[in-house]
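Raw start_30.txt, compact mmCIF, C-alpha atoms and all ligand atoms:
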# COMPACT_ATOMS: atom_id res chain seq x y z
CA MET S 1 -53.60 62.48 -62.19
CA SER S 2 -52.05 59.61 -64.09
CA ARG S 3 -49.98 57.02 -62.31
CA LEU S 4 -46.90 58.11 -64.16
CA MET S 5 -47.24 61.74 -63.15
CA HIS S 6 -47.77 60.69 -59.57
CA ARG S 7 -44.60 58.65 -59.76
CA SER S 8 -42.34 61.21 -61.37
CA ARG S 9 -43.57 64.04 -59.16
CA SER S 10 -43.34 62.05 -55.99
CA LEU S 11 -40.04 60.27 -56.31
CA VAL S 12 -37.51 63.01 -56.79
CA THR S 13 -34.94 60.97 -54.86
CA GLU S 14 -35.19 58.24 -57.49
CA ASN S 15 -35.51 60.42 -60.58
CA ASN S 16 -33.19 63.24 -59.65
CA PRO S 17 -30.92 62.17 -56.80
CA LYS S 18 -28.51 65.06 -57.28
CA SER S 19 -31.17 67.76 -56.93
CA ALA S 20 -31.42 70.10 -53.94
CA VAL S 21 -34.74 68.53 -52.94
CA SER S 22 -33.17 65.06 -52.80
CA GLU S 23 -30.49 66.52 -50.58
CA ILE S 24 -33.25 67.62 -48.18
CA TYR S 25 -34.58 64.05 -48.01
CA ARG S 26 -31.04 62.82 -47.33
CA SER S 27 -30.66 65.29 -44.49
CA LEU S 28 -33.98 64.08 -43.08
CA ARG S 29 -32.56 60.55 -43.29
CA THR S 30 -29.51 61.72 -41.34
CA LYS S 31 -31.67 63.47 -38.77
CA ILE S 32 -33.73 60.31 -38.21
CA THR S 33 -30.60 58.16 -37.95
CA PHE S 34 -28.99 60.36 -35.32
CA SER S 35 -32.14 61.28 -33.40
CA ASN S 36 -31.66 58.51 -30.88
CA ARG S 37 -28.25 58.15 -29.28
CA ASP S 38 -28.87 55.09 -27.13
CA THR S 39 -30.52 52.47 -29.30
CA ALA S 40 -30.84 52.25 -33.06
CA LEU S 41 -34.13 53.68 -34.19
CA LYS S 42 -35.79 51.10 -36.42
CA THR S 43 -39.42 52.01 -36.98
CA VAL S 44 -40.20 55.55 -38.09
CA MET S 45 -43.71 56.77 -38.76
CA ILE S 46 -44.46 59.71 -41.04
CA THR S 47 -47.65 61.64 -40.34
CA SER S 48 -49.25 65.10 -40.43
CA ALA S 49 -52.23 66.91 -38.95
CA LEU S 50 -54.38 66.97 -42.08
CA PRO S 51 -54.69 65.19 -45.45
CA GLY S 52 -52.62 66.41 -48.38
CA GLU S 53 -49.66 67.79 -46.44
CA GLY S 54 -47.16 65.43 -48.06
CA LYS S 55 -46.93 62.43 -45.70
CA SER S 56 -46.89 59.79 -48.40
CA THR S 57 -44.48 61.73 -50.61
CA THR S 58 -42.12 62.22 -47.68
CA ALA S 59 -42.37 58.57 -46.59
CA ALA S 60 -41.59 57.33 -50.13
CA ASN S 61 -38.63 59.67 -50.63
CA VAL S 62 -37.10 59.00 -47.20
CA ALA S 63 -37.45 55.26 -47.90
CA VAL S 64 -35.62 55.69 -51.24
CA ALA S 65 -32.95 57.83 -49.55
CA TYR S 66 -32.28 55.04 -47.03
CA ALA S 67 -32.17 52.42 -49.81
CA GLN S 68 -29.65 54.59 -51.68
CA ALA S 69 -27.48 54.48 -48.56
CA ASN S 70 -27.46 50.66 -48.92
CA LYS S 71 -29.88 50.06 -46.08
CA ARG S 72 -32.46 47.31 -46.41
CA VAL S 73 -35.71 49.25 -46.18
CA LEU S 74 -39.34 48.25 -45.68
CA LEU S 75 -41.96 50.91 -46.42
CA ILE S 76 -45.32 50.02 -44.83
CA ASP S 77 -48.47 51.71 -46.08
CA ALA S 78 -50.52 51.95 -42.88
CA ASP S 79 -52.98 54.41 -44.41
CA LEU S 80 -55.60 51.69 -44.81
CA ARG S 81 -58.25 54.25 -45.82
CA THR S 82 -56.44 56.22 -48.53
CA PRO S 83 -53.36 54.21 -49.52
CA VAL S 84 -51.06 55.51 -52.27
CA GLN S 85 -47.69 53.76 -51.94
CA HIS S 86 -48.75 51.03 -54.41
CA HIS S 87 -49.43 53.82 -56.95
CA ILE S 88 -46.12 55.55 -56.28
CA PHE S 89 -44.15 52.30 -56.69
CA GLU S 90 -46.56 50.76 -59.25
CA LEU S 91 -47.35 47.68 -57.21
CA ASN S 92 -50.31 45.42 -56.67
CA ASN S 93 -52.80 46.17 -53.92
CA ASP S 94 -55.94 44.27 -54.91
CA ARG S 95 -55.47 41.02 -53.06
CA TYR S 96 -53.14 41.38 -50.13
CA GLY S 97 -51.22 43.86 -48.03
CA LEU S 98 -51.10 45.10 -44.44
CA SER S 99 -54.88 44.68 -43.97
CA THR S 100 -54.90 41.00 -44.96
CA ALA S 101 -51.61 40.37 -43.11
CA LEU S 102 -53.18 41.56 -39.86
CA ALA S 103 -56.45 39.72 -40.42
CA LYS S 104 -54.87 36.44 -41.54
CA HIS S 105 -51.55 36.45 -39.66
CA SER S 106 -49.52 36.13 -42.87
CA GLU S 107 -45.76 35.77 -42.84
CA LEU S 108 -44.11 39.05 -43.77
CA ASP S 109 -41.91 37.48 -46.47
CA ALA S 110 -44.98 36.27 -48.36
CA ILE S 111 -46.66 39.66 -48.66
CA ILE S 112 -43.96 42.29 -49.13
CA GLN S 113 -43.20 43.41 -52.68
CA GLN S 114 -39.81 44.23 -54.11
CA THR S 115 -39.70 47.64 -55.80
CA ARG S 116 -37.65 48.85 -58.76
CA VAL S 117 -35.40 50.59 -56.21
CA GLU S 118 -32.69 48.23 -54.98
CA ASN S 119 -32.95 47.38 -51.25
CA LEU S 120 -36.45 48.84 -51.02
CA TYR S 121 -39.49 46.67 -50.27
CA VAL S 122 -43.09 47.80 -49.79
CA LEU S 123 -45.90 46.32 -47.76
CA SER S 124 -48.88 47.88 -49.49
CA ALA S 125 -52.06 48.65 -47.53
CA GLY S 126 -54.17 45.88 -49.04
CA PRO S 127 -57.95 45.90 -49.61
CA GLU S 128 -59.79 48.35 -47.34
CA PRO S 129 -60.86 46.53 -44.16
CA ASN S 130 -64.03 47.14 -42.13
CA GLY S 131 -62.28 48.21 -38.95
CA PRO S 132 -58.91 49.75 -39.81
CA SER S 133 -58.30 51.23 -36.34
CA GLU S 134 -58.98 47.90 -34.61
CA LEU S 135 -56.61 46.10 -36.99
CA LEU S 136 -53.83 48.61 -36.34
CA GLU S 137 -54.42 48.37 -32.60
CA SER S 138 -54.28 44.56 -32.59
CA PRO S 139 -51.37 42.54 -31.15
CA GLU S 140 -50.82 41.27 -34.73
CA MET S 141 -49.66 44.76 -35.72
CA THR S 142 -47.14 44.76 -32.87
CA ALA S 143 -45.94 41.31 -33.93
CA LEU S 144 -45.69 42.35 -37.59
CA LEU S 145 -43.55 45.35 -36.67
CA GLU S 146 -41.28 43.11 -34.59
CA GLN S 147 -40.84 40.79 -37.59
CA ALA S 148 -40.12 43.77 -39.83
CA LYS S 149 -37.51 45.11 -37.40
CA ALA S 150 -35.72 41.78 -37.37
CA ARG S 151 -35.55 41.56 -41.15
CA PHE S 152 -34.83 45.15 -42.19
CA ASP S 153 -32.38 47.88 -41.26
CA ILE S 154 -35.12 50.48 -41.17
CA VAL S 155 -38.94 50.44 -41.39
CA ILE S 156 -40.73 53.57 -42.65
CA ILE S 157 -44.48 53.76 -42.01
CA ASP S 158 -46.94 55.95 -43.95
CA THR S 159 -50.11 56.77 -41.98
CA PRO S 160 -53.41 58.73 -42.09
CA PRO S 161 -53.53 62.29 -40.66
CA VAL S 162 -53.58 62.70 -36.89
CA MET S 163 -56.56 65.08 -36.71
CA THR S 164 -59.09 63.08 -38.73
CA VAL S 165 -58.89 59.49 -37.46
CA THR S 166 -57.33 57.72 -34.50
CA ASP S 167 -55.13 55.39 -36.63
CA ALA S 168 -51.99 57.53 -36.55
CA LEU S 169 -51.98 57.79 -32.76
CA ILE S 170 -52.40 54.03 -32.50
CA VAL S 171 -49.44 53.37 -34.81
CA ALA S 172 -47.37 56.10 -33.12
CA ASN S 173 -47.61 54.15 -29.92
CA LYS S 174 -46.01 51.13 -31.58
CA THR S 175 -43.14 52.91 -33.34
CA ASP S 176 -39.73 54.15 -32.23
CA GLY S 177 -40.09 57.64 -33.70
CA VAL S 178 -42.56 59.96 -35.41
CA VAL S 179 -41.90 62.62 -38.05
CA LEU S 180 -44.61 65.27 -38.44
CA VAL S 181 -44.94 66.76 -41.93
CA VAL S 182 -46.29 70.31 -41.96
CA LYS S 183 -47.49 72.17 -45.02
CA PRO S 184 -47.18 75.81 -43.98
CA GLY S 185 -50.34 77.93 -43.77
CA LYS S 186 -52.27 79.73 -41.06
CA VAL S 187 -54.81 77.00 -40.33
CA LYS S 188 -52.25 74.26 -40.86
CA ASN S 189 -49.75 75.71 -38.41
CA ASP S 190 -52.39 75.69 -35.71
CA THR S 191 -53.53 72.12 -36.42
CA ALA S 192 -49.90 71.02 -36.58
CA ALA S 193 -49.43 72.26 -33.02
CA LYS S 194 -52.55 70.35 -31.98
CA ALA S 195 -51.33 67.22 -33.75
CA MET S 196 -47.98 67.53 -32.01
CA ALA S 197 -49.74 67.87 -28.65
CA ALA S 198 -51.94 64.84 -29.39
CA LEU S 199 -48.89 62.75 -30.32
CA GLU S 200 -47.04 63.77 -27.19
CA TYR S 201 -50.09 63.18 -25.02
CA GLY S 202 -50.28 59.70 -26.60
CA GLN S 203 -46.66 59.08 -25.47
CA ALA S 204 -45.29 59.06 -29.00
CA THR S 205 -41.62 59.88 -29.55
CA VAL S 206 -41.74 62.83 -31.93
CA ILE S 207 -38.35 63.11 -33.64
CA GLY S 208 -39.14 66.36 -35.39
CA ALA S 209 -41.27 68.25 -37.87
CA VAL S 210 -40.60 68.76 -41.57
CA LEU S 211 -41.86 71.73 -43.54
CA ASN S 212 -43.13 70.57 -46.91
CA ARG S 213 -43.14 73.00 -49.82
CA ALA S 214 -41.66 75.75 -47.67
CA ARG S 215 -39.78 78.44 -49.52
N1 LIG J 301 -42.86 68.65 -51.97
C1 LIG J 301 -43.79 68.45 -52.89
N2 LIG J 301 -43.66 68.98 -54.13
C2 LIG J 301 -44.61 68.80 -55.06
N3 LIG J 301 -45.73 68.07 -54.87
C3 LIG J 301 -45.91 67.52 -53.67
C4 LIG J 301 -44.96 67.67 -52.61
N4 LIG J 301 -45.43 67.00 -51.53
C5 LIG J 301 -46.61 66.48 -51.90
N5 LIG J 301 -46.91 66.77 -53.17
C6 LIG J 301 -48.13 66.38 -53.90
O1 LIG J 301 -49.25 66.76 -53.10
C7 LIG J 301 -50.25 65.73 -53.11
C8 LIG J 301 -50.49 65.24 -51.69
O2 LIG J 301 -49.29 64.66 -51.20
P1 LIG J 301 -49.28 63.33 -50.36
O3 LIG J 301 -47.85 62.99 -50.08
O4 LIG J 301 -50.10 62.27 -50.99
O5 LIG J 301 -49.98 63.87 -49.02
P2 LIG J 301 -50.62 63.10 -47.78
O6 LIG J 301 -50.05 61.72 -47.77
O7 LIG J 301 -50.20 63.91 -46.58
O8 LIG J 301 -52.10 63.13 -47.97
C9 LIG J 301 -49.74 64.64 -54.05
O9 LIG J 301 -50.29 64.83 -55.31
C10 LIG J 301 -48.23 64.87 -54.07
O10 LIG J 301 -47.67 64.43 -55.29
MG MG J 302 -51.00 59.87 -47.79
Could you write out this structure as structure tokens?
Ligand SMILES: Nc1ncnc2c1ncn2[C@@H]1O[C@H](COP(=O)(O)OP(=O)(O)O)[C@@H](O)[C@H]1O
Ligand SMILES: [Mg+2]
Amino acid sequence: MSRLMHRSRSLVTENNPKSAVSEIYRSLRTKITFSNRDTALKTVMITSALPGEGKSTTAANVAVAYAQANKRVLLIDADLRTPVQHHIFELNNDRYGLSTALAKHSELDAIIQQTRVENLYVLSAGPEPNGPSELLESPEMTALLEQAKARFDIVIIDTPPVMTVTDALIVANKTDGVVLVVKPGKVKNDTAAKAMAALEYGQATVIGAVLNRAR
């Protein structure tokens, strides 16, 4: 698929903000905002049980929806194995990103990229590292998220699937809330339940589940 197709298919909130689908992403934004009554929820991770369920698409559109509400948004691509946010937003990912930030302790301001959407910044995944799980588990990741929280109104994090690698559970432990994207289907419904159980067992705060491409 060409970059352009990826972009126009993925970013309905940017290309067609008045559509019914964009309204769904806005209601997800509202749900995230009001999911925690005590303290403001600042870091939200988007995941799913399996690949291809729509995590990255959901993360990008929710990030745009927040930016459209005049929030300063940072979208972090923490899928260090199969990153796509730099494709969706047509950004650079060859030299630096989350992987190099964690390995080299870079300052956040030096490595985030401004997008064509006002108020929306992306920290792309960066070159694929040797040990992605270890990087995500490091104290540097915790420190980077603290920096991001201080500088942005909301931080949206795209991640790998829960059932294939341990990365998502690691990141879930460091974030305020988790949204589980579910593409309906017999096998998928079952793995979604397992993913939910794994997240809860790992002490993650699951805000809710989103059905992607449901009728
Ligand atoms: N709601 C949707 N409508 C149309 N296409 C979608 C939708 N959600 C995802 N896709 C497409 O499905 C593919 C996989 O989505 P993606 O968000 O990359 O999944 P994941 O990050 O879970 O692997 C992409 O080509 C994406 O453009
Ligand atoms: Mg993805």
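When all atoms listed in the file are used to compute distances to ligand MG 302 (chain J), the closest of the residues S:Asp176, S:Glu146, S:Asp158, S:Glu107 turns out to be S:Asp158.
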Neighbours of ligand LIG 301 (chain J) within 9 Å, counting all atoms listed in the file, as a ChimeraX atom specification? /S:1,5-12,21,46-60,79,82-85,158-161,181-183,212-214
What box, with edges along x, y and z, holds each listed atom of region 151-155 of chain S when 6 Å is added on every side, and can you state its centre and edge lengths in Å to one decimal, as AutoDock Vina command-line options?
--center_x -35.7 --center_y 46.0 --center_z -41.7 --size_x 18.6 --size_y 20.9 --size_z 13.0
Considering all atoms listed in the file, return as a PyMOL selection string whatever protein or nucleic-acid residues lie within 12 Å of Val171 (chain S), sequence-local ones (same chain, fewer than 3 positions apart) excluded. chain S and resi 43-47+76-80+132-139+141-142+144-145+156-162+165-168+174-178+199+202-205
Skipping near chain neighbours, those fewer than 6 positions away, what residues fall within 7 Å of Leu75 (chain S) using only C-alpha atoms, listed as an mmCIF file with C-alpha atoms, in the frame of the given file?
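Output file part_12.cif is given in full below:
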data_model
loop_
_atom_site.group_PDB
_atom_site.id
_atom_site.type_symbol
_atom_site.label_atom_id
_atom_site.label_comp_id
_atom_site.auth_asym_id
_atom_site.auth_seq_id
_atom_site.Cartn_x
_atom_site.Cartn_y
_atom_site.Cartn_z
ATOM 1 C CA ALA S 63 -37.450 55.260 -47.900
ATOM 2 C CA TYR S 121 -39.490 46.670 -50.270
ATOM 3 C CA VAL S 122 -43.090 47.800 -49.790
ATOM 4 C CA LEU S 123 -45.900 46.320 -47.760
ATOM 5 C CA VAL S 155 -38.940 50.440 -41.390
ATOM 6 C CA ILE S 156 -40.730 53.570 -42.650
ATOM 7 C CA ILE S 157 -44.480 53.760 -42.010
#
Can you measure CA of Arg151 (chain S) to CA of Arg72 (chain S) for me? One decimal in Å is fine. 8.4 Å
Which residues are near Ile154 (chain S)? Cut-off 8 Å, all atoms listed in the file, ignore same chain within fewer than 5 positions. Put them as a ChimeraX atom specification. /S:41-44,66,71-74,149
Those same residues - C-alpha atoms - I'd like them written as a short mmCIF file (atom, residue, chain, number, x, y, z; two decimals), in the coordinates of the input.
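As a result, selection_16.cif now contains:
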data_model
loop_
_atom_site.label_atom_id
_atom_site.label_comp_id
_atom_site.auth_asym_id
_atom_site.auth_seq_id
_atom_site.Cartn_x
_atom_site.Cartn_y
_atom_site.Cartn_z
CA LEU S 41 -34.13 53.68 -34.19
CA LYS S 42 -35.79 51.10 -36.42
CA THR S 43 -39.42 52.01 -36.98
CA VAL S 44 -40.20 55.55 -38.09
CA TYR S 66 -32.28 55.04 -47.03
CA LYS S 71 -29.88 50.06 -46.08
CA ARG S 72 -32.46 47.31 -46.41
CA VAL S 73 -35.71 49.25 -46.18
CA LEU S 74 -39.34 48.25 -45.68
CA LYS S 149 -37.51 45.11 -37.40
#
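From CA of Asn173 (chain S) back to CA of Lys194 (chain S), the distance works out to 17.1 Å.
Closest to ligand MG 302 (chain J) among S:Arg26, S:Lys18, S:His86, S:Lys31 is S:His86, based on only C-alpha atoms and all ligand atoms.
Minimum atom-to-atom distances from S:Thr191, S:Asn15, S:Ser99, S:Gln147 to Pro127 (chain S) were compared using all atoms listed in the file, and the lowest value belongs to S:Ser99.
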